[in-house]
Amino acid sequence: MRLKFIGLLAGAFVFLFPFYYMLIGSLQAEPDPSVSGAFPNPGNLTGRNYGEINKAIDLGRSLLNSGIFTGGVLLGTLVFGVLAGYALARLQFRGRGLVFNLMLLIQVVPFQLLTIPLYVLIVRSYGLADSYLGMILPFLINSTAVFVFRQYFLQLPAELFDAARIDGASELSILWRIAVPLVRPALLTGVLLTFIGPWNEFLWPFLITKQQDLQPLAVSLSNYLTTVSARAANPFGAVLAGACVLAAPAVTLFIIFQRQFISQGIQSGIKG
């Protein structure tokens, strides 16, 4: 038992050390990238790096852009994911199995392979460059979320849906009044699984946005590294400060919903 505890403690230390090092590095007045820099002199700690990165890229605006981008993706994931998951689980139509298999096939296609055709379609055909909609559109439907919602809808008793149809309820009414309230854990799981992707997404927003006031924080930090950091007093600390700000919402979300996320993961494993 003691060896197991020591092993878990060592694993937790290995996992948390990069976050600790990032936080300490963001507070150092003089950069120290060596291992000894993880235990700095208290006199070398300062908050100036946060002011430096905020002055260079406007953290508030970049965070707002990341929030709008991520919020739009989450909204599309929930709305279209629930509708598609319900249709694949509870509606009978020709080609349903083929649609489901194609959806699974999409998950093995790397997004990088679709970047060029998506760029041509959204920028040249739709004219959505430098816009929030242009950033959100390729991620509006998440096949993984559709799969999760479908599996939850399949677990509901068919008698509930048959009784509602006999009473004359429409499919949308059945979905909203019966199915969705019973799969609320799936909604939380879908949000948690989807959030981290668009929040940390770099490649697509970098390609689609050229205006700095529209760029998410991940893109703004990259631009800072390539353009402004050479003139900064402590570019290492400023970049780590920006990384801490970028990681904070994701870490906070996980801490708040950790209990629900773990419990739903265990239940899904048992049911599967």
# chains A, B, ... in the order shown; residues from 1 in each chain; ligands from 1
>>> residues_around(residues="Thr144 (chain A)", least_positions_apart="2", cutoff="10 Å", atoms="only C-alpha atoms", output="list in words")
Thr77, Gly81, Met103, Leu104, Ile106, Gln107, Ile141, Asn142, Val146, Phe147, Val148, Phe149, Arg150, Gly190, Leu193 and Thr194 of chain A
>>> residues_around(residues="region 239-249 of chain A", least_positions_apart="3", cutoff="6 Å", atoms="only C-alpha atoms", output="JSON, numbers by chain")
{"A": [22, 26, 50, 236, 252]}
>>> select_by_dssp(residues="region 111-193 of chain A", states="alpha helix (DSSP H)", output="count of residues only")
52
>>> residues_around(residues="Gly76 (chain A)", least_positions_apart="2", cutoff="10 Å", atoms="only C-alpha atoms", output="VMD selection string")
chain A and resid 70 to 74 78 to 82 136 to 137 139 to 142
>>> residues_around(residues="region 200-212 of chain A", least_positions_apart="4", cutoff="9 Å", atoms="only C-alpha atoms", output="ChimeraX atom specification")
/A:57,62,66,112,115,119,122-123,128-132,134-136,138,195-196,216-220,222,246-247
>>> closest_atom_pairs(of="region 111-229 of chain A", to="region 88-99 of chain A", cutoff="10 Å", atoms="only C-alpha atoms", output="Markdown table")
| residue | atom | partner | partner_atom | distance |
| --- | --- | --- | --- | --- |
| A:Val146 | CA | A:Leu88 | CA | 8.8 |
| A:Phe147 | CA | A:Leu88 | CA | 9.0 |
| A:Phe149 | CA | A:Ala89 | CA | 8.7 |
| A:Arg150 | CA | A:Ala89 | CA | 5.3 |
| A:Gln151 | CA | A:Ala89 | CA | 7.4 |
| A:Tyr152 | CA | A:Ala89 | CA | 8.7 |
| A:Phe153 | CA | A:Ala89 | CA | 6.0 |
| A:Leu154 | CA | A:Ala89 | CA | 5.5 |
| A:Gln155 | CA | A:Ala89 | CA | 9.3 |
| A:Leu156 | CA | A:Arg90 | CA | 9.7 |
| A:Ala158 | CA | A:Arg90 | CA | 8.3 |
| A:Phe161 | CA | A:Arg90 | CA | 8.4 |
| A:Glu171 | CA | A:Leu91 | CA | 8.9 |
| A:Leu175 | CA | A:Arg90 | CA | 9.8 |
>>> write_last_selection(atoms="all heavy atoms", output="CSV table (one decimal), in the first residue's frame")
chain,number,residue,atom,x,y,z
A,146,VAL,N,-20.7,13.7,-31.2
A,146,VAL,CA,-21.9,13.0,-31.8
A,146,VAL,C,-21.9,11.6,-31.3
A,146,VAL,O,-23.0,11.0,-31.0
A,146,VAL,CB,-21.9,13.1,-33.3
A,146,VAL,CG1,-23.0,12.2,-33.9
A,146,VAL,CG2,-22.0,14.6,-33.8
A,147,PHE,N,-20.7,10.9,-31.3
A,147,PHE,CA,-20.6,9.5,-30.9
A,147,PHE,C,-21.0,9.4,-29.4
A,147,PHE,O,-21.8,8.5,-29.0
A,147,PHE,CB,-19.2,9.0,-31.1
A,147,PHE,CG,-19.0,7.6,-30.6
A,147,PHE,CD1,-19.4,6.6,-31.4
A,147,PHE,CD2,-18.4,7.4,-29.4
A,147,PHE,CE1,-19.2,5.3,-31.0
A,147,PHE,CE2,-18.2,6.1,-29.0
A,147,PHE,CZ,-18.6,5.0,-29.7
A,149,PHE,N,-23.0,11.4,-27.6
A,149,PHE,CA,-24.4,11.6,-27.4
A,149,PHE,C,-25.2,10.4,-27.9
A,149,PHE,O,-26.2,10.0,-27.3
A,149,PHE,CB,-24.8,12.9,-28.1
A,149,PHE,CG,-24.2,14.2,-27.6
A,149,PHE,CD1,-23.8,15.2,-28.4
A,149,PHE,CD2,-24.1,14.3,-26.2
A,149,PHE,CE1,-23.3,16.4,-27.9
A,149,PHE,CE2,-23.5,15.4,-25.7
A,149,PHE,CZ,-23.1,16.5,-26.5
A,150,ARG,N,-24.8,9.9,-29.1
A,150,ARG,CA,-25.5,8.7,-29.6
A,150,ARG,C,-25.5,7.5,-28.6
A,150,ARG,O,-26.5,6.9,-28.4
A,150,ARG,CB,-24.8,8.3,-30.9
A,150,ARG,CG,-25.4,7.0,-31.5
A,150,ARG,CD,-24.6,6.5,-32.7
A,150,ARG,NE,-25.1,5.2,-33.2
A,150,ARG,CZ,-24.8,4.0,-32.8
A,150,ARG,NH1,-23.8,3.9,-31.8
A,150,ARG,NH2,-25.3,2.9,-33.3
A,151,GLN,N,-24.3,7.3,-28.0
A,151,GLN,CA,-24.2,6.2,-27.0
A,151,GLN,C,-25.1,6.4,-25.8
A,151,GLN,O,-25.8,5.5,-25.3
A,151,GLN,CB,-22.8,6.0,-26.6
A,151,GLN,CG,-21.8,5.6,-27.7
A,151,GLN,CD,-22.3,4.4,-28.5
A,151,GLN,OE1,-22.7,4.5,-29.6
A,151,GLN,NE2,-22.2,3.3,-27.8
A,152,TYR,N,-25.2,7.6,-25.4
A,152,TYR,CA,-26.1,7.9,-24.2
A,152,TYR,C,-27.6,7.8,-24.6
A,152,TYR,O,-28.4,7.2,-23.8
A,152,TYR,CB,-25.9,9.4,-23.7
A,152,TYR,CG,-24.8,9.5,-22.6
A,152,TYR,CD1,-23.5,9.6,-23.0
A,152,TYR,CD2,-25.2,9.4,-21.3
A,152,TYR,CE1,-22.5,9.6,-22.0
A,152,TYR,CE2,-24.2,9.5,-20.3
A,152,TYR,CZ,-22.9,9.6,-20.7
A,152,TYR,OH,-21.9,9.7,-19.7
A,153,PHE,N,-28.0,8.2,-25.8
A,153,PHE,CA,-29.3,8.1,-26.2
A,153,PHE,C,-29.7,6.7,-26.4
A,153,PHE,O,-30.9,6.3,-26.2
A,153,PHE,CB,-29.6,8.9,-27.5
A,153,PHE,CG,-29.6,10.4,-27.4
A,153,PHE,CD1,-28.9,11.2,-28.2
A,153,PHE,CD2,-30.4,11.0,-26.4
A,153,PHE,CE1,-29.0,12.6,-28.0
A,153,PHE,CE2,-30.5,12.3,-26.2
A,153,PHE,CZ,-29.7,13.2,-27.0
A,154,LEU,N,-28.8,5.8,-26.8
A,154,LEU,CA,-29.1,4.4,-27.0
A,154,LEU,C,-29.4,3.7,-25.7
A,154,LEU,O,-30.1,2.7,-25.7
A,154,LEU,CB,-27.9,3.7,-27.7
A,154,LEU,CG,-27.8,3.9,-29.2
A,154,LEU,CD1,-26.5,3.3,-29.7
A,154,LEU,CD2,-29.0,3.4,-30.0
A,155,GLN,N,-28.9,4.2,-24.6
A,155,GLN,CA,-29.1,3.6,-23.3
A,155,GLN,C,-30.5,3.9,-22.7
A,155,GLN,O,-30.9,3.3,-21.8
A,155,GLN,CB,-28.0,4.1,-22.3
A,155,GLN,CG,-26.6,3.6,-22.7
A,155,GLN,CD,-25.5,4.3,-21.8
A,155,GLN,OE1,-25.9,5.0,-20.9
A,155,GLN,NE2,-24.3,4.1,-22.2
A,156,LEU,N,-31.2,4.9,-23.3
A,156,LEU,CA,-32.5,5.2,-22.8
A,156,LEU,C,-33.5,4.2,-23.2
A,156,LEU,O,-33.5,3.6,-24.3
A,156,LEU,CB,-32.9,6.6,-23.3
A,156,LEU,CG,-32.0,7.8,-22.9
A,156,LEU,CD1,-32.6,9.1,-23.5
A,156,LEU,CD2,-31.9,7.9,-21.4
A,158,ALA,N,-36.5,2.4,-24.9
A,158,ALA,CA,-37.3,2.7,-26.1
A,158,ALA,C,-38.8,3.0,-25.8
A,158,ALA,O,-39.4,3.7,-26.6
A,158,ALA,CB,-37.2,1.6,-27.1
A,161,PHE,N,-39.8,6.7,-25.7
A,161,PHE,CA,-40.0,7.4,-27.0
A,161,PHE,C,-41.3,6.9,-27.7
A,161,PHE,O,-42.0,7.7,-28.3
A,161,PHE,CB,-38.8,7.1,-27.9
A,161,PHE,CG,-37.5,7.6,-27.3
A,161,PHE,CD1,-36.7,6.8,-26.6
A,161,PHE,CD2,-37.1,8.9,-27.5
A,161,PHE,CE1,-35.5,7.2,-26.0
A,161,PHE,CE2,-35.9,9.4,-26.9
A,161,PHE,CZ,-35.1,8.5,-26.2
A,171,GLU,N,-40.8,14.8,-32.8
A,171,GLU,CA,-39.5,14.4,-32.5
A,171,GLU,C,-38.7,15.4,-31.8
A,171,GLU,O,-37.9,15.1,-30.8
A,171,GLU,CB,-38.7,13.9,-33.8
A,171,GLU,CG,-39.3,12.7,-34.4
A,171,GLU,CD,-39.2,11.4,-33.5
A,171,GLU,OE1,-38.3,11.4,-32.6
A,171,GLU,OE2,-40.0,10.5,-33.7
A,175,LEU,N,-37.2,15.1,-28.1
A,175,LEU,CA,-35.7,15.3,-27.8
A,175,LEU,C,-35.6,16.3,-26.7
A,175,LEU,O,-34.8,16.1,-25.7
A,175,LEU,CB,-35.1,15.8,-29.1
A,175,LEU,CG,-33.6,16.3,-28.9
A,175,LEU,CD1,-32.7,15.2,-28.5
A,175,LEU,CD2,-33.1,16.9,-30.3
>>> atom_distance(atom1="CA of Phe17 (chain A)", atom2="CA of Asn65 (chain A)")
28.9 Å
>>> atom_distance(atom1="CA of Phe15 (chain A)", atom2="CA of Ile255 (chain A)")
15.1 Å
>>> residues_around(residues="Gly37 (chain A)", least_positions_apart="3", cutoff="10 Å", atoms="only C-alpha atoms", output="VMD selection string")
chain A and resid 21 24 to 25 28 30 to 34 40 to 41
>>> write_last_selection(atoms="all heavy atoms", output="PDB file, in the first residue's frame")
ATOM      1  N   TYR A  21       6.771  24.727 -12.911  1.00  0.00           N
ATOM      2  CA  TYR A  21       7.912  25.390 -13.545  1.00  0.00           C
ATOM      3  C   TYR A  21       7.450  26.558 -14.402  1.00  0.00           C
ATOM      4  O   TYR A  21       8.108  27.601 -14.458  1.00  0.00           O
ATOM      5  CB  TYR A  21       8.681  24.369 -14.378  1.00  0.00           C
ATOM      6  CG  TYR A  21      10.008  24.873 -14.895  1.00  0.00           C
ATOM      7  CD1 TYR A  21      11.134  24.865 -14.065  1.00  0.00           C
ATOM      8  CD2 TYR A  21      10.148  25.351 -16.194  1.00  0.00           C
ATOM      9  CE1 TYR A  21      12.357  25.318 -14.527  1.00  0.00           C
ATOM     10  CE2 TYR A  21      11.363  25.805 -16.661  1.00  0.00           C
ATOM     11  CZ  TYR A  21      12.463  25.789 -15.822  1.00  0.00           C
ATOM     12  OH  TYR A  21      13.676  26.258 -16.273  1.00  0.00           O
ATOM     13  N   ILE A  24       6.534  29.430 -11.947  1.00  0.00           N
ATOM     14  CA  ILE A  24       7.737  30.044 -11.372  1.00  0.00           C
ATOM     15  C   ILE A  24       8.482  30.848 -12.426  1.00  0.00           C
ATOM     16  O   ILE A  24       8.957  31.959 -12.173  1.00  0.00           O
ATOM     17  CB  ILE A  24       8.646  28.958 -10.764  1.00  0.00           C
ATOM     18  CG1 ILE A  24       8.000  28.357  -9.516  1.00  0.00           C
ATOM     19  CG2 ILE A  24      10.013  29.534 -10.415  1.00  0.00           C
ATOM     20  CD1 ILE A  24       7.773  29.352  -8.393  1.00  0.00           C
ATOM     21  N   GLY A  25       8.588  30.296 -13.637  1.00  0.00           N
ATOM     22  CA  GLY A  25       9.274  31.008 -14.712  1.00  0.00           C
ATOM     23  C   GLY A  25       8.591  32.318 -15.080  1.00  0.00           C
ATOM     24  O   GLY A  25       9.252  33.285 -15.443  1.00  0.00           O
ATOM     25  N   GLN A  28       9.788  35.143 -12.601  1.00  0.00           N
ATOM     26  CA  GLN A  28      11.203  35.448 -12.435  1.00  0.00           C
ATOM     27  C   GLN A  28      11.567  36.753 -13.152  1.00  0.00           C
ATOM     28  O   GLN A  28      11.234  36.932 -14.322  1.00  0.00           O
ATOM     29  CB  GLN A  28      12.067  34.306 -12.980  1.00  0.00           C
ATOM     30  CG  GLN A  28      12.011  33.049 -12.136  1.00  0.00           C
ATOM     31  CD  GLN A  28      12.904  31.954 -12.686  1.00  0.00           C
ATOM     32  OE1 GLN A  28      13.350  32.023 -13.831  1.00  0.00           O
ATOM     33  NE2 GLN A  28      13.170  30.945 -11.880  1.00  0.00           N
ATOM     34  N   GLU A  30      14.797  37.707 -13.638  1.00  0.00           N
ATOM     35  CA  GLU A  30      15.890  37.291 -14.500  1.00  0.00           C
ATOM     36  C   GLU A  30      15.668  35.836 -14.876  1.00  0.00           C
ATOM     37  O   GLU A  30      15.523  34.979 -14.010  1.00  0.00           O
ATOM     38  CB  GLU A  30      17.243  37.445 -13.791  1.00  0.00           C
ATOM     39  CG  GLU A  30      17.611  38.876 -13.458  1.00  0.00           C
ATOM     40  CD  GLU A  30      17.833  39.712 -14.707  1.00  0.00           C
ATOM     41  OE1 GLU A  30      18.228  39.126 -15.733  1.00  0.00           O
ATOM     42  OE2 GLU A  30      17.604  40.937 -14.657  1.00  0.00           O
ATOM     43  N   PRO A  31      15.623  35.500 -16.175  1.00  0.00           N
ATOM     44  CA  PRO A  31      15.308  34.136 -16.591  1.00  0.00           C
ATOM     45  C   PRO A  31      16.389  33.151 -16.183  1.00  0.00           C
ATOM     46  O   PRO A  31      17.580  33.457 -16.235  1.00  0.00           O
ATOM     47  CB  PRO A  31      15.196  34.245 -18.114  1.00  0.00           C
ATOM     48  CG  PRO A  31      16.021  35.438 -18.471  1.00  0.00           C
ATOM     49  CD  PRO A  31      15.875  36.387 -17.320  1.00  0.00           C
ATOM     50  N   ASP A  32      15.961  31.973 -15.770  1.00  0.00           N
ATOM     51  CA  ASP A  32      16.877  30.891 -15.414  1.00  0.00           C
ATOM     52  C   ASP A  32      16.275  29.593 -15.947  1.00  0.00           C
ATOM     53  O   ASP A  32      15.508  28.915 -15.262  1.00  0.00           O
ATOM     54  CB  ASP A  32      17.061  30.806 -13.899  1.00  0.00           C
ATOM     55  CG  ASP A  32      18.115  29.775 -13.515  1.00  0.00           C
ATOM     56  OD1 ASP A  32      18.677  29.144 -14.419  1.00  0.00           O
ATOM     57  OD2 ASP A  32      18.352  29.592 -12.305  1.00  0.00           O
ATOM     58  N   PRO A  33      16.592  29.221 -17.199  1.00  0.00           N
ATOM     59  CA  PRO A  33      15.975  28.038 -17.803  1.00  0.00           C
ATOM     60  C   PRO A  33      16.526  26.716 -17.302  1.00  0.00           C
ATOM     61  O   PRO A  33      16.068  25.662 -17.738  1.00  0.00           O
ATOM     62  CB  PRO A  33      16.280  28.221 -19.302  1.00  0.00           C
ATOM     63  CG  PRO A  33      17.528  29.035 -19.330  1.00  0.00           C
ATOM     64  CD  PRO A  33      17.474  29.931 -18.138  1.00  0.00           C
ATOM     65  N   SER A  34      17.509  26.738 -16.400  1.00  0.00           N
ATOM     66  CA  SER A  34      18.073  25.498 -15.880  1.00  0.00           C
ATOM     67  C   SER A  34      17.120  24.869 -14.866  1.00  0.00           C
ATOM     68  O   SER A  34      16.122  25.467 -14.443  1.00  0.00           O
ATOM     69  CB  SER A  34      19.428  25.769 -15.225  1.00  0.00           C
ATOM     70  OG  SER A  34      19.264  26.591 -14.082  1.00  0.00           O
ATOM     71  N   PRO A  40      13.783  29.289  -7.272  1.00  0.00           N
ATOM     72  CA  PRO A  40      14.472  30.579  -7.395  1.00  0.00           C
ATOM     73  C   PRO A  40      14.594  31.299  -6.062  1.00  0.00           C
ATOM     74  O   PRO A  40      13.926  30.979  -5.075  1.00  0.00           O
ATOM     75  CB  PRO A  40      13.556  31.357  -8.346  1.00  0.00           C
ATOM     76  CG  PRO A  40      12.192  30.833  -8.033  1.00  0.00           C
ATOM     77  CD  PRO A  40      12.386  29.381  -7.710  1.00  0.00           C
ATOM     78  N   ASN A  41      15.452  32.303  -6.070  1.00  0.00           N
ATOM     79  CA  ASN A  41      15.579  33.200  -4.937  1.00  0.00           C
ATOM     80  C   ASN A  41      14.318  34.059  -4.855  1.00  0.00           C
ATOM     81  O   ASN A  41      13.902  34.640  -5.856  1.00  0.00           O
ATOM     82  CB  ASN A  41      16.820  34.079  -5.136  1.00  0.00           C
ATOM     83  CG  ASN A  41      17.094  34.987  -3.948  1.00  0.00           C
ATOM     84  OD1 ASN A  41      16.245  35.143  -3.068  1.00  0.00           O
ATOM     85  ND2 ASN A  41      18.263  35.586  -3.939  1.00  0.00           N
TER      86      ASN A  41
END
>>> atom_distance(atom1="CA of Leu172 (chain A)", atom2="CA of Pro157 (chain A)")
17.4 Å
>>> residues_around(residues="Asn49 (chain A)", least_positions_apart="3", cutoff="6 Å", atoms="only C-alpha atoms", output="list in words")
Glu52, Gly237 and Ala238 of chain A
>>> closest_residue(among="A:Leu133, A:Leu114, A:Ala186, A:Ala169", to="Phe69 (chain A)", atoms="only C-alpha atoms")
A:Leu133
